[in-house]
Every structure is written in C-alpha cells, then in structure tokens.
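One file, data_37.cif, is given below (mmCIF, C-alpha atoms).
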data_work
loop_
_atom_site.label_atom_id
_atom_site.label_comp_id
_atom_site.auth_asym_id
_atom_site.auth_seq_id
_atom_site.Cartn_x
_atom_site.Cartn_y
_atom_site.Cartn_z
CA MET U 1 0.00 0.00 0.00
CA ASP U 2 1.15 3.53 -0.78
CA LYS U 3 1.25 5.58 2.44
CA ASN U 4 0.71 8.89 0.65
CA ILE U 5 -2.41 7.49 -1.01
CA MET U 6 -3.75 6.18 2.31
CA LEU U 7 -3.53 9.62 3.89
CA ASP U 8 -4.91 11.38 0.83
CA VAL U 9 -7.93 9.16 0.37
CA TYR U 10 -8.81 9.28 4.08
CA LYS U 11 -8.79 13.08 4.05
CA ARG U 12 -10.89 13.00 0.87
CA CYS U 13 -13.36 10.76 2.62
CA LEU U 14 -13.63 13.11 5.60
CA ASN U 15 -13.96 16.29 3.54
CA ALA U 16 -16.12 15.15 0.62
CA LYS U 17 -19.44 16.82 -0.24
CA TYR U 18 -21.80 13.92 0.26
CA ILE U 19 -25.06 13.25 -1.52
CA HIS U 20 -27.71 12.16 0.95
CA LEU U 21 -30.39 9.64 0.03
CA ALA U 22 -33.43 9.37 2.26
CA ASP U 23 -33.65 5.67 1.49
CA HIS U 24 -31.70 3.90 4.26
CA ASN U 25 -30.14 7.26 5.21
CA ALA U 26 -27.41 6.57 2.66
CA ASP U 27 -24.55 8.98 1.86
CA TYR U 28 -22.00 8.81 -0.93
CA ALA U 29 -19.71 11.08 -2.93
CA ILE U 30 -18.01 10.86 -6.31
CA GLU U 31 -14.85 12.75 -7.22
CA ARG U 32 -13.11 12.46 -10.56
CA GLU U 33 -9.65 13.61 -11.60
CA GLY U 34 -8.98 12.81 -15.25
CA ASP U 35 -9.35 9.05 -15.65
CA ILE U 36 -9.22 8.44 -11.88
CA LEU U 37 -12.46 7.99 -9.94
CA PHE U 38 -12.90 8.21 -6.17
CA ILE U 39 -16.06 6.64 -4.69
CA LEU U 40 -16.44 7.74 -1.08
CA PHE U 41 -18.75 6.69 1.76
CA GLU U 42 -19.46 8.70 4.89
CA CYS U 43 -19.20 7.61 8.50
CA THR U 44 -22.23 7.05 10.73
CA ASN U 45 -24.15 10.30 10.97
CA GLY U 46 -27.45 9.46 12.59
CA VAL U 47 -29.67 7.03 14.45
CA GLU U 48 -30.74 5.25 11.27
CA ASP U 49 -27.09 4.51 10.44
CA TRP U 50 -26.61 2.90 13.84
CA LYS U 51 -29.69 0.78 13.24
CA SER U 52 -27.96 -0.43 10.09
CA ASN U 53 -24.83 -1.13 12.10
CA PHE U 54 -26.61 -3.81 14.13
CA ASN U 55 -28.30 -6.32 11.86
CA PHE U 56 -28.04 -9.86 10.57
CA PRO U 57 -26.86 -11.62 7.39
CA ALA U 58 -28.48 -11.73 3.98
CA GLU U 59 -27.46 -12.77 0.45
CA PRO U 60 -26.41 -9.66 -1.48
CA TYR U 61 -27.65 -10.71 -4.94
CA LYS U 62 -30.15 -12.99 -6.59
CA ASP U 63 -28.87 -15.81 -8.83
CA MET U 64 -25.42 -15.74 -7.22
CA GLY U 65 -22.87 -18.04 -8.79
CA ILE U 66 -21.09 -18.46 -5.46
CA LYS U 67 -23.39 -18.20 -2.47
CA TRP U 68 -22.28 -15.89 0.35
CA LYS U 69 -23.87 -13.63 2.93
CA CYS U 70 -23.14 -10.21 4.33
CA HIS U 71 -24.48 -7.84 6.96
CA ARG U 72 -28.14 -7.08 6.10
CA GLY U 73 -28.09 -3.48 7.37
CA PHE U 74 -25.00 -2.49 5.39
CA LEU U 75 -26.41 -4.27 2.35
CA GLY U 76 -29.59 -2.18 2.53
CA VAL U 77 -27.58 1.04 2.46
CA TRP U 78 -25.41 -0.21 -0.41
CA LYS U 79 -28.44 -1.21 -2.50
CA ALA U 80 -29.88 2.29 -2.07
CA ILE U 81 -26.65 3.84 -3.41
CA LYS U 82 -25.74 1.33 -6.13
CA PRO U 83 -28.09 2.59 -8.90
CA TYR U 84 -26.48 6.05 -8.70
CA LEU U 85 -23.01 4.61 -9.33
CA LYS U 86 -23.82 2.17 -12.13
CA ASP U 87 -23.08 4.46 -15.09
CA ILE U 88 -19.90 6.07 -13.75
CA VAL U 89 -18.43 2.70 -12.74
CA ALA U 90 -19.17 1.32 -16.22
CA ASP U 91 -17.61 4.35 -17.98
CA PRO U 92 -14.65 2.95 -19.99
CA THR U 93 -12.82 6.26 -19.77
CA VAL U 94 -12.35 5.59 -16.05
CA LYS U 95 -9.05 3.73 -15.76
CA LYS U 96 -8.52 3.72 -11.98
CA ILE U 97 -11.07 3.50 -9.15
CA TYR U 98 -10.51 4.09 -5.46
CA VAL U 99 -13.32 2.92 -3.19
CA VAL U 100 -12.99 4.50 0.25
CA GLY U 101 -15.09 4.58 3.40
CA TYR U 102 -14.75 5.46 7.06
CA SER U 103 -16.55 3.70 9.93
CA HIS U 104 -20.09 2.79 8.78
CA GLY U 105 -19.03 3.98 5.32
CA ALA U 106 -16.12 1.53 5.28
CA ALA U 107 -18.57 -1.37 5.41
CA ILE U 108 -20.44 0.10 2.44
CA ALA U 109 -17.12 0.48 0.65
CA THR U 110 -16.51 -3.24 1.21
CA LEU U 111 -19.63 -4.07 -0.80
CA CYS U 112 -18.99 -1.40 -3.42
CA HIS U 113 -15.48 -2.72 -3.99
CA GLU U 114 -16.86 -6.18 -4.78
CA TYR U 115 -19.39 -4.60 -7.18
CA VAL U 116 -16.65 -2.73 -9.07
CA TRP U 117 -14.49 -5.87 -9.18
CA PHE U 118 -17.37 -7.84 -10.66
CA ASN U 119 -18.40 -5.20 -13.22
CA ARG U 120 -14.97 -3.88 -14.28
CA PRO U 121 -12.80 -6.96 -14.88
CA ASP U 122 -10.35 -4.75 -16.76
CA LEU U 123 -9.45 -3.01 -13.49
CA ARG U 124 -8.94 -6.06 -11.30
CA GLU U 125 -5.18 -6.35 -11.52
CA SER U 126 -4.04 -2.77 -10.92
CA GLY U 127 -6.96 -0.43 -11.52
CA LEU U 128 -8.97 -0.99 -8.35
CA GLU U 129 -8.01 -0.12 -4.77
CA GLY U 130 -10.22 -0.08 -1.70
CA TYR U 131 -9.64 1.34 1.79
CA GLY U 132 -11.89 0.87 4.81
CA PHE U 133 -10.76 3.08 7.70
CA GLY U 134 -12.21 1.98 11.03
CA CYS U 135 -14.00 -0.76 9.11
CA PRO U 136 -16.68 -2.95 10.74
CA ARG U 137 -16.89 -6.61 9.82
CA CYS U 138 -19.25 -7.13 6.91
CA TYR U 139 -18.87 -10.66 5.55
CA TRP U 140 -20.80 -13.44 7.31
CA GLY U 141 -19.12 -16.81 7.74
CA CYS U 142 -16.23 -18.30 9.66
CA ARG U 143 -13.93 -17.15 6.83
CA VAL U 144 -14.21 -15.72 3.33
CA LYS U 145 -14.65 -18.52 0.81
CA LYS U 146 -11.50 -19.24 -1.17
CA ALA U 147 -13.33 -18.69 -4.46
CA LEU U 148 -14.31 -15.18 -3.31
CA ARG U 149 -11.06 -13.93 -1.79
CA GLU U 150 -9.72 -12.42 -5.00
CA ARG U 151 -12.67 -10.01 -5.07
CA TRP U 152 -11.23 -8.20 -2.04
CA GLU U 153 -7.55 -8.81 -2.71
CA HIS U 154 -7.05 -5.06 -3.11
CA PHE U 155 -9.45 -3.94 -0.39
CA HIS U 156 -7.72 -2.97 2.85
CA PRO U 157 -9.56 -2.77 6.20
CA ILE U 158 -7.48 -0.40 8.35
CA ARG U 159 -7.41 -0.31 12.15
CA ASN U 160 -6.00 2.42 14.39
CA MET U 161 -4.75 0.90 17.65
CA ARG U 162 -7.67 -1.02 19.24
CA ASP U 163 -10.46 0.81 17.41
CA ILE U 164 -13.65 -0.77 18.74
CA VAL U 165 -15.58 -0.36 15.50
CA THR U 166 -13.20 -2.70 13.69
CA HIS U 167 -14.22 -5.42 16.14
CA VAL U 168 -17.96 -5.30 15.42
CA PRO U 169 -20.20 -7.06 14.66
CA PRO U 170 -18.58 -9.69 16.91
CA ARG U 171 -16.97 -12.78 15.42
CA LEU U 172 -19.25 -14.67 17.79
CA PHE U 173 -22.12 -13.65 15.50
CA GLY U 174 -20.27 -15.06 12.49
CA PHE U 175 -18.94 -11.83 10.95
CA VAL U 176 -15.39 -11.45 9.62
CA HIS U 177 -13.35 -8.95 7.65
CA VAL U 178 -13.02 -9.60 3.91
CA ASN U 179 -9.23 -9.25 4.01
CA LYS U 180 -6.47 -9.11 6.57
CA VAL U 181 -6.76 -5.96 8.69
CA TYR U 182 -3.87 -3.54 8.29
CA LYS U 183 -2.92 -2.16 11.71
CA LEU U 184 -1.42 1.32 11.86
CA LYS U 185 1.83 1.29 13.77
CA ASN U 186 1.27 4.36 15.98
CA LYS U 187 0.41 3.70 19.63
CA GLU U 188 -0.20 7.28 20.78
CA PHE U 189 -3.24 9.53 20.62
CA LYS U 190 -3.39 12.97 19.08
CA GLU U 191 -6.24 13.75 21.47
CA ARG U 192 -8.27 11.94 24.10
CA HIS U 193 -12.05 12.25 23.78
CA THR U 194 -13.38 9.66 26.25
CA VAL U 195 -12.16 7.40 29.03
CA LEU U 196 -12.09 4.45 26.62
CA GLN U 197 -9.01 4.09 24.45
CA CYS U 198 -10.80 1.74 22.05
CA VAL U 199 -13.35 4.51 21.37
CA ASP U 200 -10.78 7.31 21.12
CA ALA U 201 -8.85 5.27 18.55
CA HIS U 202 -11.81 5.60 16.18
CA TYR U 203 -11.88 9.42 16.12
CA PRO U 204 -10.84 11.04 12.80
CA ASN U 205 -8.08 13.22 14.30
CA ASN U 206 -6.47 10.16 15.85
CA TYR U 207 -6.64 8.29 12.53
CA ILE U 208 -5.05 11.24 10.74
CA TYR U 209 -2.32 11.45 13.40
CA SER U 210 -1.51 7.76 13.01
CA LEU U 211 -1.59 7.97 9.22
CA GLU U 212 0.78 10.95 9.28
CA ILE U 213 3.23 9.00 11.44
CA GLU U 214 2.79 6.03 9.11
CA ASN U 215 3.52 8.34 6.22
CA LEU U 216 6.88 9.25 7.78
CA SER U 217 7.88 5.67 8.52
CA LYS U 218 9.70 3.26 6.23
CA ASP U 219 7.90 1.80 3.26
CA ILE U 220 5.20 -0.77 4.05
#

Encoded form (structure tokens):
Amino acid sequence: MDKNIMLDVYKRCLNAKYIHLADHNADYAIEREGDILFILFECTNGVEDWKSNFNFPAEPYKDMGIKWKCHRGFLGVWKAIKPYLKDIVADPTVKKIYVVGYSHGAAIATLCHEYVWFNRPDLRESGLEGYGFGCPRCYWGCRVKKALRERWEHFHPIRNMRDIVTHVPPRLFGFVHVNKVYKLKNKEFKERHTVLQCVDAHYPNNYIYSLEIENLSKDI
C-alpha cells in the first residue's frame, strides 16, 4: 500500500461533499480527476445509520454463482446507493477507481469494492483499490470462501490501535473482515475524547495522526 495514497484518500473521505439519500439514510460522494475515480462513503451520521450497524446476514444478490452472505443493514444502504453509481463505474474512460469509506461507510465500501471488481474486470489487476478506515466486519461466515477472496484482494480494512468499530459485529455472530486488517503502527493519541481508548482510537483526528506517522515511517 502507498502511504501517501492512504492519507490522501482518508482526508478526501472526511472532507467530501456527500449526496444524501433518504432511502436507508445513505450517503456517498463521487470525485473524478482525469481518468481516476474516487467513490467515497461517509461515517455514521445518525440514528438510522446505527440501526444499520446492528443487523443480521443476507445474500447480497439474486442468482449468485457463489453463495455468500453479508451484513443485512450495510447491504440495505449499499443497495440504495448502487443505482447512482452504475453508469460512472461502467464508464470505460475511467481507468482507476478508489473505493474508500470510514466507519459505517467503510462497510459500504466493502460491498462497493466487490461490485466494481465484478463489473470492471479490466481493473482487477491494478486499476482498483479499496480502503476501509475503522471498518466494521461485513462478511458473514467463519472465513471468506476461497473462491471469493480475489474479489477483495485489493481492499484494505485499516485499524487504528484497538479501534472498537473494527471489532464489530462480533466474530461470535459469524462476521469477519473480507481481508487481513492492516494495523497502523502508531500507539499514541493525538487527542483523548473519552475514558475508553478503544473509542478514542476511532476518532478522525487520531486516525489522521496515526496515518501521518505512518507516512513518515519506512515503506510498508
């Protein structure tokens, strides 16, 4: 992973001008620079989002070649957004796509990344990158099926210290991350917000602080 890109896309995700959809309280943003497309998903911003954060598994598509299940609440949000992204994702003049989300939005990015992988096979090798900062678990099953792993090969769940959100929904409920979690190396806080370190680790300024330190460290 490129450290400069990690920091850039996270800041983009925080500062984007999001489009709000009443359906499932969904929020997304699209930014384009030449032939590069950024698809961004916002963090939890209301009660309805938190309702989506606590839900149970469902199959994401009908007539699936390989059966798998994901978090029903996140899936509902993704399905509300998906029709608005169909044309831009299919645009052949787009040669590189970054799918990025933070917190609740990182789970939506997980599903969007798989959608882009499936619909833009020309980008699978080097034209698709995904980043889920403070990413909840989204895939349901004891582990991601071997036949499905390549779909998230270039999607990176990222954890700052012991960020509590990256540990939910609990593995006890059957949920797992779609790829190995990348753990930021910093162990210090920019600022304390609560008495719980696992909660403070999720705050944007503490993610930025850790990413900036990461950016100054040796290559990953």

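Near range 144-155 of chain U, within 6 Å and counting all atoms listed in the file, sit Glu114, Glu129, Gly130 and Tyr131 of chain U, not including residues fewer than 5 positions from it in the same chain.
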
For C-alpha atoms, I'd like the residues from the last selection saved as a CSV table (one decimal), keeping the file's coordinate frame.
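Writing done, so here's part_0.csv:
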chain,number,residue,atom,x,y,z
U,114,GLU,CA,-16.9,-6.2,-4.8
U,129,GLU,CA,-8.0,-0.1,-4.8
U,130,GLY,CA,-10.2,-0.1,-1.7
U,131,TYR,CA,-9.6,1.3,1.8

**Report entry** Straight-line distance linking CA of Lys183 in chain U with CA of Cys142 in chain U, stated in Å to one decimal
**Finding:** 21.0 Å

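Put simply, CA of Asn205 in chain U is 9.9 Å away from CA of Arg192 in chain U.
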
Report task. Name the residues that the PyMOL selection byres ((chain U and resi 161-172) around 7) pulls out of this structure, and write them as a PyMOL selection string. Result -> chain U and resi 103+134-137+159-160+173-176+183-184+187+198-199+201-202

Around all the atoms of range 23-36 of chain U listed in the file, with 3 Å of room on each side, what axis-aligned box do you get, giving centre and edge lengths in Å to one decimal, as lines of an AutoDock Vina configuration file?
center_x = -21.3
center_y = 8.8
center_z = -5.2
size_x = 30.7
size_y = 15.7
size_z = 26.9

Query - Given the PyMOL selection byres ((chain U and resi 12-29) around 7), the residues it picks as a PyMOL selection string - result: chain U and resi 8-11+30-31+39-42+48-49+76-77+80-81+100-101

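Here CA of Asn179 in chain U stands at a distance of 23.3 Å from CA of Ile213 in chain U.
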
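Restricting the calculation to all atoms listed in the file, the smallest distance between His113 in chain U and any of U:Gln197, U:His156, U:Glu212, U:Leu7 is found for U:His156.
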
Query raised in the report: With only C-alpha atoms as the basis for distance, which of U:Leu123, U:Lys190, U:Cys138, U:Ile88 is at the shortest distance from Ala106 in chain U?
Result: U:Cys138

Query - Which residue of U:Trp117, U:Met6, U:Pro60, U:Leu128 approaches Leu37 in chain U most closely, using only C-alpha atoms - result: U:Leu128

Could you give me range 169-204 of chain U completed to N, CA and C atoms, formatted as a short mmCIF file (atom, residue, chain, number, x, y, z; two decimals), in the coordinates of the input?
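Resulting contents of out_6.cif:
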data_model
loop_
_atom_site.label_atom_id
_atom_site.label_comp_id
_atom_site.auth_asym_id
_atom_site.auth_seq_id
_atom_site.Cartn_x
_atom_site.Cartn_y
_atom_site.Cartn_z
N PRO U 169 -19.52 -6.17 13.73
CA PRO U 169 -20.20 -7.06 14.66
C PRO U 169 -19.25 -8.16 15.15
N PRO U 170 -19.51 -8.72 16.32
CA PRO U 170 -18.58 -9.69 16.91
C PRO U 170 -18.40 -10.95 16.06
N ARG U 171 -17.21 -11.51 16.11
CA ARG U 171 -16.97 -12.78 15.42
C ARG U 171 -17.91 -13.86 15.94
N LEU U 172 -18.32 -13.72 17.20
CA LEU U 172 -19.25 -14.67 17.79
C LEU U 172 -20.55 -14.76 16.99
N PHE U 173 -20.91 -13.68 16.32
CA PHE U 173 -22.12 -13.65 15.50
C PHE U 173 -21.85 -14.14 14.08
N GLY U 174 -20.61 -14.50 13.80
CA GLY U 174 -20.27 -15.06 12.49
C GLY U 174 -19.68 -14.10 11.50
N PHE U 175 -19.43 -12.84 11.89
CA PHE U 175 -18.94 -11.83 10.95
C PHE U 175 -17.42 -11.76 10.97
N VAL U 176 -16.84 -11.57 9.76
CA VAL U 176 -15.39 -11.45 9.62
C VAL U 176 -15.07 -10.34 8.63
N HIS U 177 -13.82 -9.90 8.65
CA HIS U 177 -13.35 -8.95 7.65
C HIS U 177 -13.07 -9.68 6.34
N VAL U 178 -13.19 -8.96 5.22
CA VAL U 178 -13.02 -9.60 3.91
C VAL U 178 -11.55 -9.79 3.55
N ASN U 179 -10.67 -9.11 4.26
CA ASN U 179 -9.23 -9.25 4.01
C ASN U 179 -8.51 -9.00 5.33
N LYS U 180 -7.25 -9.33 5.36
CA LYS U 180 -6.47 -9.11 6.57
C LYS U 180 -6.49 -7.64 6.95
N VAL U 181 -6.71 -7.35 8.21
CA VAL U 181 -6.76 -5.96 8.69
C VAL U 181 -5.34 -5.40 8.76
N TYR U 182 -5.15 -4.21 8.17
CA TYR U 182 -3.87 -3.54 8.29
C TYR U 182 -3.90 -2.67 9.53
N LYS U 183 -2.94 -2.88 10.44
CA LYS U 183 -2.92 -2.16 11.71
C LYS U 183 -1.88 -1.04 11.65
N LEU U 184 -2.34 0.19 11.84
CA LEU U 184 -1.42 1.32 11.86
C LEU U 184 -0.45 1.19 13.03
N LYS U 185 0.77 1.58 12.81
CA LYS U 185 1.83 1.29 13.77
C LYS U 185 1.85 2.22 14.98
N ASN U 186 1.25 3.40 14.87
CA ASN U 186 1.27 4.36 15.98
C ASN U 186 0.53 3.83 17.21
N LYS U 187 1.04 4.14 18.39
CA LYS U 187 0.41 3.70 19.63
C LYS U 187 0.06 4.88 20.55
N GLU U 188 0.09 6.09 19.99
CA GLU U 188 -0.20 7.28 20.78
C GLU U 188 -1.40 8.02 20.19
N PHE U 189 -2.09 8.77 21.05
CA PHE U 189 -3.24 9.53 20.62
C PHE U 189 -2.86 10.98 20.31
N LYS U 190 -3.49 11.54 19.30
CA LYS U 190 -3.39 12.97 19.08
C LYS U 190 -4.19 13.70 20.15
N GLU U 191 -5.37 13.13 20.48
CA GLU U 191 -6.24 13.75 21.47
C GLU U 191 -7.12 12.69 22.11
N ARG U 192 -7.34 12.83 23.40
CA ARG U 192 -8.27 11.94 24.10
C ARG U 192 -9.65 12.57 24.12
N HIS U 193 -10.67 11.76 23.83
CA HIS U 193 -12.05 12.25 23.78
C HIS U 193 -12.92 11.62 24.86
N THR U 194 -12.58 10.40 25.28
CA THR U 194 -13.38 9.66 26.25
C THR U 194 -12.43 8.97 27.23
N VAL U 195 -13.00 8.18 28.10
CA VAL U 195 -12.16 7.40 29.03
C VAL U 195 -11.78 6.06 28.42
N LEU U 196 -12.34 5.75 27.26
CA LEU U 196 -12.09 4.45 26.62
C LEU U 196 -11.14 4.61 25.44
N GLN U 197 -9.99 3.99 25.52
CA GLN U 197 -9.01 4.09 24.45
C GLN U 197 -9.52 3.48 23.14
N CYS U 198 -10.30 2.41 23.25
CA CYS U 198 -10.80 1.74 22.05
C CYS U 198 -11.81 2.63 21.30
N VAL U 199 -12.44 3.55 22.00
CA VAL U 199 -13.35 4.51 21.37
C VAL U 199 -12.56 5.68 20.80
N ASP U 200 -11.61 6.20 21.58
CA ASP U 200 -10.78 7.31 21.12
C ASP U 200 -10.02 6.96 19.84
N ALA U 201 -9.61 5.71 19.72
CA ALA U 201 -8.85 5.27 18.55
C ALA U 201 -9.63 5.43 17.26
N HIS U 202 -10.97 5.50 17.37
CA HIS U 202 -11.81 5.60 16.18
C HIS U 202 -11.99 7.04 15.69
N TYR U 203 -11.64 8.02 16.49
CA TYR U 203 -11.88 9.42 16.12
C TYR U 203 -11.01 9.83 14.93
N PRO U 204 -11.57 10.65 14.02
CA PRO U 204 -10.84 11.04 12.80
C PRO U 204 -9.48 11.67 13.06
#
